[in-house]
Amino acid sequence: MVLLTAFTVFAAHIYDYEVLAVIALVGAYCIPPLLRDDKGNLHIMFTYMAILNSGILVLSFLKKWNWVTYFAYGLTWLIFGSWMAIGYSEERYFTTCFTFLNIFFFTFYTMFLAYKVICKELFSPFDVLRILSNSAIYFGIGYALLSTNSKEDYLGLFCIVNAIIHLVVAAICFKQKTVDRKLIFMMLALVFTFITIAVPVQLEGNWVTMIWFAEMTILWLMANRFNIALYRHIAIAVSILGLFSLINDWYRFYYSGYSQYGSNLADLFTNKYFATGIFSLAALSITLWFSRKTQANTNPADKQLHIYVYKVIFSIMTAFIGYF
């Protein structure tokens, strides 16, 4: 079957016929399930898939055969995810699974980016979807692997590593002056997303609230500077998370835990949660001021309704926090 697969791919290359390559690919990925003997030859199966994906990476770059990459992408994660759901054991397979998880992720990340970046092609919405789905699958499976009592301390680090990966890719693309700017902005959006997730995973209490509101302000300033609607959407989502986190801080300190601080009036102000409220109010006030400035400078023909709606939401949040 391996020889038949190799011959079919060779024929597809010679005759420049993508359908032959797809048929060969489907047959190649059927080999591991068909030859499964329940003896736990996991290293062999995943190594075989990794080599196969590397060949598909080269073939897709040389031929620009999108359907080949689609099938390789879907079948690889389908087989890997199915095996995780059925046969995974942390004691036996954690190192192997985590290693090949990274190999598959970087292979497909390279596969989706290489041709577009080197050949300077614009990214379509479907290209963005492929990158986002690959990142989501990688993060979801990796998070599940680390969500155990013995490894949960590494969850925050895993989130930060995800952010660093996309930041490095954004930096590389930024140096390539002809790369589609939308790709860079999307990579930075992923960076902020994983930082947002890392904050509650690794930190506790008022630090979560303060970092989220600081991130909201930075995102809104970047959205104004580069006119990126996506950053505004992320900023409003982070601000809502920050508001609920602040309410939770207030509840835990002033309602559930206030009795342990006594009745001294100074205790109401000389605590980190009051300072967190002031910090959140300042961040929202700055963002609200820039949102009004953005709306004033926006061409009415653009019909950016979301800027007006977000300004109203920021106003309500600012009044709410200021009142309490």
# chains A, B, ... in the order shown; residues from 1 in each chain; ligands from 1
call {"tool": "residues_around", "arguments": {"residues": "Leu157 (chain A)", "least_positions_apart": "3", "cutoff": "8 Å", "atoms": "only C-alpha atoms", "output": "NGL selection string"}}
result
:A and (154 or 160-161 or 198 or 202)
call {"tool": "closest_atom_pairs", "arguments": {"of": "region 93-158 of chain A", "to": "region 46-65 of chain A", "cutoff": "12 Å", "atoms": "only C-alpha atoms", "output": "CSV"}}
result
residue,atom,partner,partner_atom,distance
A:Tyr93,CA,A:Phe46,CA,11.8
A:Thr96,CA,A:Phe46,CA,8.8
A:Cys97,CA,A:Phe46,CA,8.8
A:Phe98,CA,A:Phe46,CA,11.3
A:Thr99,CA,A:Phe46,CA,9.9
A:Phe100,CA,A:Phe46,CA,6.8
A:Leu101,CA,A:Phe46,CA,9.5
A:Asn102,CA,A:Ala50,CA,10.6
A:Ile103,CA,A:Ala50,CA,7.2
A:Phe104,CA,A:Ala50,CA,6.7
A:Phe105,CA,A:Ala50,CA,10.4
A:Phe106,CA,A:Ser54,CA,10.5
A:Thr107,CA,A:Ser54,CA,7.0
A:Phe108,CA,A:Leu57,CA,7.8
A:Tyr109,CA,A:Leu57,CA,10.1
A:Thr110,CA,A:Leu57,CA,8.0
A:Met111,CA,A:Leu57,CA,5.5
A:Phe112,CA,A:Leu57,CA,9.0
A:Leu113,CA,A:Phe61,CA,10.0
A:Ala114,CA,A:Phe61,CA,7.4
A:Tyr115,CA,A:Phe61,CA,5.9
A:Lys116,CA,A:Phe61,CA,9.5
A:Val117,CA,A:Phe61,CA,11.3
A:Ile118,CA,A:Phe61,CA,9.9
A:Cys119,CA,A:Phe61,CA,10.0
A:Glu121,CA,A:Lys64,CA,11.9
call {"tool": "write_last_selection", "arguments": {"atoms": "C-alpha atoms", "output": "compact mmCIF listing (two decimals), in the first residue's frame"}}
result
# COMPACT_ATOMS: atom_id res chain seq x y z
CA TYR A 93 1.42 8.24 25.84
CA THR A 96 4.48 10.90 22.47
CA CYS A 97 1.15 12.66 21.96
CA PHE A 98 2.44 16.07 22.97
CA THR A 99 5.48 15.70 20.69
CA PHE A 100 3.49 14.74 17.62
CA LEU A 101 0.83 17.33 18.43
CA ASN A 102 3.50 19.99 18.01
CA ILE A 103 4.88 18.34 14.85
CA PHE A 104 1.47 18.23 13.18
CA PHE A 105 0.62 21.78 14.21
CA PHE A 106 3.84 23.31 12.88
CA THR A 107 3.65 21.25 9.69
CA PHE A 108 0.19 22.55 8.82
CA TYR A 109 1.02 26.06 10.02
CA THR A 110 3.95 26.06 7.58
CA MET A 111 1.80 24.44 4.90
CA PHE A 112 -0.83 27.20 5.12
CA LEU A 113 1.64 30.08 5.26
CA ALA A 114 4.61 29.13 3.08
CA TYR A 115 3.10 29.52 -0.37
CA LYS A 116 1.14 32.64 0.51
CA VAL A 117 4.09 34.41 2.12
CA ILE A 118 6.79 33.38 -0.37
CA CYS A 119 4.61 34.00 -3.43
CA GLU A 121 -0.53 36.14 -2.40
call {"tool": "residues_around", "arguments": {"residues": "Phe324 (chain A)", "least_positions_apart": "6", "cutoff": "12 Å", "atoms": "only C-alpha atoms", "output": "count of residues only"}}
result
11
call {"tool": "closest_residue", "arguments": {"among": "A:Asp180, A:Ile234, A:Glu90, A:Ala171", "to": "Ser124 (chain A)", "atoms": "only C-alpha atoms"}}
result
A:Asp180
call {"tool": "residues_around", "arguments": {"residues": "region 85-88 of chain A", "least_positions_apart": "3", "cutoff": "12 Å", "atoms": "only C-alpha atoms", "output": "ChimeraX atom specification"}}
result
/A:38-42,77-82,91-98,141,144-145
call {"tool": "write_last_selection", "arguments": {"atoms": "N, CA and C atoms", "output": "PDB file, in the first residue's frame"}}
result
ATOM      1  N   ASP A  38      -3.538  -3.363  17.715  1.00  0.00           N
ATOM      2  CA  ASP A  38      -3.786  -3.174  19.149  1.00  0.00           C
ATOM      3  C   ASP A  38      -2.556  -3.476  20.003  1.00  0.00           C
ATOM      4  N   LYS A  39      -1.380  -3.353  19.424  1.00  0.00           N
ATOM      5  CA  LYS A  39      -0.160  -3.576  20.196  1.00  0.00           C
ATOM      6  C   LYS A  39       0.486  -2.268  20.646  1.00  0.00           C
ATOM      7  N   GLY A  40      -0.165  -1.173  20.359  1.00  0.00           N
ATOM      8  CA  GLY A  40       0.343   0.095  20.842  1.00  0.00           C
ATOM      9  C   GLY A  40       1.518   0.644  20.065  1.00  0.00           C
ATOM     10  N   ASN A  41       1.592   0.389  18.745  1.00  0.00           N
ATOM     11  CA  ASN A  41       2.684   0.905  17.921  1.00  0.00           C
ATOM     12  C   ASN A  41       2.412   2.363  17.550  1.00  0.00           C
ATOM     13  N   LEU A  42       2.258   3.184  18.576  1.00  0.00           N
ATOM     14  CA  LEU A  42       1.862   4.569  18.358  1.00  0.00           C
ATOM     15  C   LEU A  42       2.975   5.369  17.686  1.00  0.00           C
ATOM     16  N   TRP A  77      -5.943  15.374  11.668  1.00  0.00           N
ATOM     17  CA  TRP A  77      -6.553  15.733  12.948  1.00  0.00           C
ATOM     18  C   TRP A  77      -7.704  14.804  13.298  1.00  0.00           C
ATOM     19  N   LEU A  78      -8.375  14.242  12.299  1.00  0.00           N
ATOM     20  CA  LEU A  78      -9.441  13.276  12.573  1.00  0.00           C
ATOM     21  C   LEU A  78      -8.865  12.009  13.210  1.00  0.00           C
ATOM     22  N   ILE A  79      -7.788  11.485  12.634  1.00  0.00           N
ATOM     23  CA  ILE A  79      -7.166  10.277  13.181  1.00  0.00           C
ATOM     24  C   ILE A  79      -6.571  10.564  14.565  1.00  0.00           C
ATOM     25  N   PHE A  80      -5.877  11.690  14.682  1.00  0.00           N
ATOM     26  CA  PHE A  80      -5.232  12.031  15.957  1.00  0.00           C
ATOM     27  C   PHE A  80      -6.278  12.257  17.046  1.00  0.00           C
ATOM     28  N   GLY A  81      -7.323  13.030  16.728  1.00  0.00           N
ATOM     29  CA  GLY A  81      -8.363  13.300  17.717  1.00  0.00           C
ATOM     30  C   GLY A  81      -9.144  12.057  18.096  1.00  0.00           C
ATOM     31  N   SER A  82      -9.433  11.196  17.125  1.00  0.00           N
ATOM     32  CA  SER A  82     -10.158   9.955  17.415  1.00  0.00           C
ATOM     33  C   SER A  82      -9.345   9.048  18.322  1.00  0.00           C
ATOM     34  N   GLU A  91      -0.219   8.034  31.404  1.00  0.00           N
ATOM     35  CA  GLU A  91       0.988   7.365  31.893  1.00  0.00           C
ATOM     36  C   GLU A  91       1.836   6.826  30.735  1.00  0.00           C
ATOM     37  N   ARG A  92       1.203   6.346  29.687  1.00  0.00           N
ATOM     38  CA  ARG A  92       1.934   5.692  28.600  1.00  0.00           C
ATOM     39  C   ARG A  92       2.248   6.621  27.435  1.00  0.00           C
ATOM     40  N   TYR A  93       1.343   7.567  27.139  1.00  0.00           N
ATOM     41  CA  TYR A  93       1.423   8.240  25.842  1.00  0.00           C
ATOM     42  C   TYR A  93       1.548   9.755  25.904  1.00  0.00           C
ATOM     43  N   PHE A  94       1.686  10.355  27.087  1.00  0.00           N
ATOM     44  CA  PHE A  94       1.681  11.827  27.136  1.00  0.00           C
ATOM     45  C   PHE A  94       2.806  12.425  26.303  1.00  0.00           C
ATOM     46  N   THR A  95       4.032  11.973  26.524  1.00  0.00           N
ATOM     47  CA  THR A  95       5.180  12.547  25.814  1.00  0.00           C
ATOM     48  C   THR A  95       5.046  12.371  24.305  1.00  0.00           C
ATOM     49  N   THR A  96       4.640  11.166  23.894  1.00  0.00           N
ATOM     50  CA  THR A  96       4.478  10.897  22.466  1.00  0.00           C
ATOM     51  C   THR A  96       3.412  11.780  21.847  1.00  0.00           C
ATOM     52  N   CYS A  97       2.257  11.859  22.494  1.00  0.00           N
ATOM     53  CA  CYS A  97       1.148  12.659  21.956  1.00  0.00           C
ATOM     54  C   CYS A  97       1.499  14.135  21.895  1.00  0.00           C
ATOM     55  N   PHE A  98       2.127  14.642  22.949  1.00  0.00           N
ATOM     56  CA  PHE A  98       2.445  16.067  22.965  1.00  0.00           C
ATOM     57  C   PHE A  98       3.503  16.397  21.916  1.00  0.00           C
ATOM     58  N   ILE A 141      -6.359  20.503  22.136  1.00  0.00           N
ATOM     59  CA  ILE A 141      -5.788  19.201  22.495  1.00  0.00           C
ATOM     60  C   ILE A 141      -4.652  19.378  23.496  1.00  0.00           C
ATOM     61  N   ALA A 144      -6.061  20.024  26.869  1.00  0.00           N
ATOM     62  CA  ALA A 144      -6.614  18.796  27.446  1.00  0.00           C
ATOM     63  C   ALA A 144      -5.502  17.889  27.975  1.00  0.00           C
ATOM     64  N   LEU A 145      -4.377  17.815  27.250  1.00  0.00           N
ATOM     65  CA  LEU A 145      -3.268  16.988  27.706  1.00  0.00           C
ATOM     66  C   LEU A 145      -2.670  17.499  29.016  1.00  0.00           C
TER      67      LEU A 145
END
call {"tool": "atom_distance", "arguments": {"atom1": "CA of Met84 (chain A)", "atom2": "CA of Thr69 (chain A)"}}
result
22.2 Å
call {"tool": "select_by_dssp", "arguments": {"residues": "region 194-255 of chain A", "states": "alpha helix (DSSP H)", "output": "ChimeraX atom specification"}}
result
/A:194-202,206-226,229-250
call {"tool": "write_last_selection", "arguments": {"atoms": "N, CA and C atoms", "output": "compact mmCIF listing (two decimals), in the first residue's frame"}}
result
# COMPACT_ATOMS: atom_id res chain seq x y z
N PHE A 194 -4.59 34.66 23.20
CA PHE A 194 -3.95 33.69 24.09
C PHE A 194 -3.44 34.35 25.37
N ILE A 195 -3.04 35.60 25.29
CA ILE A 195 -2.68 36.32 26.53
C ILE A 195 -3.90 36.47 27.42
N THR A 196 -5.05 36.78 26.79
CA THR A 196 -6.29 36.91 27.55
C THR A 196 -6.64 35.61 28.27
N ILE A 197 -6.43 34.48 27.59
CA ILE A 197 -6.72 33.19 28.20
C ILE A 197 -5.70 32.87 29.30
N ALA A 198 -4.44 33.25 29.08
CA ALA A 198 -3.39 32.93 30.04
C ALA A 198 -3.57 33.65 31.37
N VAL A 199 -4.15 34.85 31.34
CA VAL A 199 -4.28 35.65 32.56
C VAL A 199 -5.07 34.93 33.65
N PRO A 200 -6.32 34.50 33.40
CA PRO A 200 -7.04 33.81 34.48
C PRO A 200 -6.50 32.42 34.79
N VAL A 201 -5.82 31.80 33.81
CA VAL A 201 -5.26 30.46 34.04
C VAL A 201 -4.10 30.53 35.03
N GLN A 202 -3.25 31.55 34.91
CA GLN A 202 -2.03 31.61 35.70
C GLN A 202 -2.13 32.55 36.89
N ASN A 206 -7.22 40.35 41.70
CA ASN A 206 -7.31 41.64 41.02
C ASN A 206 -6.35 41.76 39.85
N TRP A 207 -5.30 40.93 39.80
CA TRP A 207 -4.37 41.00 38.68
C TRP A 207 -5.07 40.65 37.36
N VAL A 208 -5.99 39.70 37.42
CA VAL A 208 -6.74 39.33 36.23
C VAL A 208 -7.53 40.53 35.70
N THR A 209 -8.22 41.21 36.61
CA THR A 209 -9.03 42.36 36.22
C THR A 209 -8.18 43.47 35.62
N MET A 210 -7.08 43.79 36.27
CA MET A 210 -6.24 44.90 35.80
C MET A 210 -5.61 44.60 34.44
N ILE A 211 -5.12 43.40 34.25
CA ILE A 211 -4.50 43.06 32.97
C ILE A 211 -5.53 43.08 31.85
N TRP A 212 -6.74 42.58 32.12
CA TRP A 212 -7.77 42.59 31.08
C TRP A 212 -8.15 44.01 30.68
N PHE A 213 -8.30 44.91 31.64
CA PHE A 213 -8.65 46.29 31.29
C PHE A 213 -7.48 46.99 30.59
N ALA A 214 -6.25 46.69 30.99
CA ALA A 214 -5.10 47.26 30.29
C ALA A 214 -5.05 46.74 28.85
N GLU A 215 -5.31 45.46 28.67
CA GLU A 215 -5.32 44.88 27.34
C GLU A 215 -6.42 45.50 26.48
N MET A 216 -7.58 45.75 27.08
CA MET A 216 -8.68 46.39 26.37
C MET A 216 -8.24 47.75 25.82
N THR A 217 -7.58 48.55 26.65
CA THR A 217 -7.15 49.88 26.23
C THR A 217 -6.12 49.80 25.10
N ILE A 218 -5.16 48.88 25.22
CA ILE A 218 -4.13 48.72 24.18
C ILE A 218 -4.76 48.31 22.86
N LEU A 219 -5.70 47.37 22.92
CA LEU A 219 -6.37 46.91 21.70
C LEU A 219 -7.13 48.05 21.03
N TRP A 220 -7.82 48.85 21.84
CA TRP A 220 -8.59 49.95 21.25
C TRP A 220 -7.68 51.00 20.63
N LEU A 221 -6.54 51.28 21.28
CA LEU A 221 -5.60 52.24 20.71
C LEU A 221 -5.02 51.72 19.40
N MET A 222 -4.71 50.43 19.35
CA MET A 222 -4.20 49.84 18.11
C MET A 222 -5.27 49.84 17.02
N ALA A 223 -6.52 49.61 17.41
CA ALA A 223 -7.61 49.64 16.44
C ALA A 223 -7.75 51.03 15.84
N ASN A 224 -7.60 52.06 16.68
CA ASN A 224 -7.69 53.43 16.17
C ASN A 224 -6.49 53.78 15.29
N ARG A 225 -5.33 53.27 15.69
CA ARG A 225 -4.12 53.62 14.95
C ARG A 225 -4.12 53.00 13.56
N PHE A 226 -4.55 51.74 13.46
CA PHE A 226 -4.48 51.02 12.19
C PHE A 226 -5.85 50.79 11.56
N ALA A 229 -11.09 46.77 12.59
CA ALA A 229 -12.35 46.50 13.29
C ALA A 229 -12.23 45.28 14.20
N LEU A 230 -11.43 44.28 13.80
CA LEU A 230 -11.29 43.07 14.60
C LEU A 230 -10.78 43.38 15.99
N TYR A 231 -9.83 44.32 16.11
CA TYR A 231 -9.29 44.66 17.41
C TYR A 231 -10.35 45.33 18.29
N ARG A 232 -11.25 46.08 17.67
CA ARG A 232 -12.33 46.68 18.46
C ARG A 232 -13.26 45.61 19.01
N HIS A 233 -13.55 44.60 18.19
CA HIS A 233 -14.41 43.51 18.65
C HIS A 233 -13.77 42.76 19.82
N ILE A 234 -12.47 42.51 19.70
CA ILE A 234 -11.78 41.81 20.79
C ILE A 234 -11.74 42.69 22.04
N ALA A 235 -11.53 44.00 21.84
CA ALA A 235 -11.46 44.92 22.98
C ALA A 235 -12.77 44.94 23.76
N ILE A 236 -13.90 44.96 23.06
CA ILE A 236 -15.18 44.99 23.78
C ILE A 236 -15.42 43.67 24.50
N ALA A 237 -14.97 42.56 23.91
CA ALA A 237 -15.12 41.26 24.58
C ALA A 237 -14.26 41.21 25.84
N VAL A 238 -13.03 41.72 25.75
CA VAL A 238 -12.14 41.72 26.91
C VAL A 238 -12.67 42.65 27.99
N SER A 239 -13.26 43.78 27.60
CA SER A 239 -13.81 44.70 28.59
C SER A 239 -14.97 44.07 29.37
N ILE A 240 -15.78 43.27 28.69
CA ILE A 240 -16.88 42.58 29.38
C ILE A 240 -16.32 41.56 30.36
N LEU A 241 -15.28 40.84 29.95
CA LEU A 241 -14.62 39.91 30.87
C LEU A 241 -14.05 40.65 32.07
N GLY A 242 -13.43 41.80 31.83
CA GLY A 242 -12.87 42.59 32.92
C GLY A 242 -13.93 43.09 33.88
N LEU A 243 -15.09 43.48 33.34
CA LEU A 243 -16.16 43.97 34.21
C LEU A 243 -16.66 42.86 35.14
N PHE A 244 -16.89 41.68 34.60
CA PHE A 244 -17.34 40.57 35.44
C PHE A 244 -16.27 40.17 36.46
N SER A 245 -15.01 40.25 36.06
CA SER A 245 -13.94 39.95 37.00
C SER A 245 -13.89 40.98 38.12
N LEU A 246 -14.11 42.25 37.80
CA LEU A 246 -14.13 43.29 38.82
C LEU A 246 -15.29 43.10 39.78
N ILE A 247 -16.46 42.77 39.26
CA ILE A 247 -17.62 42.52 40.12
C ILE A 247 -17.33 41.35 41.06
N ASN A 248 -16.68 40.32 40.54
CA ASN A 248 -16.31 39.18 41.37
C ASN A 248 -15.33 39.59 42.46
N ASP A 249 -14.37 40.48 42.12
CA ASP A 249 -13.42 40.97 43.14
C ASP A 249 -14.16 41.74 44.22
N TRP A 250 -15.06 42.61 43.82
CA TRP A 250 -15.84 43.37 44.80
C TRP A 250 -16.63 42.45 45.72
call {"tool": "closest_residue", "arguments": {"among": "A:Ile14, A:Trp289, A:Gly322, A:Ile44", "to": "Tyr310 (chain A)", "atoms": "only C-alpha atoms"}}
result
A:Trp289
call {"tool": "closest_residue", "arguments": {"among": "A:Ala170, A:Ala12, A:Ile313, A:Ala275", "to": "Leu190 (chain A)", "atoms": "only C-alpha atoms"}}
result
A:Ala170
call {"tool": "atom_distance", "arguments": {"atom1": "CA of Val22 (chain A)", "atom2": "CA of Thr8 (chain A)"}}
result
9.4 Å
call {"tool": "closest_residue", "arguments": {"among": "A:Ser315, A:Asn227, A:Thr193, A:Ser147", "to": "Arg292 (chain A)", "atoms": "only C-alpha atoms"}}
result
A:Ser315
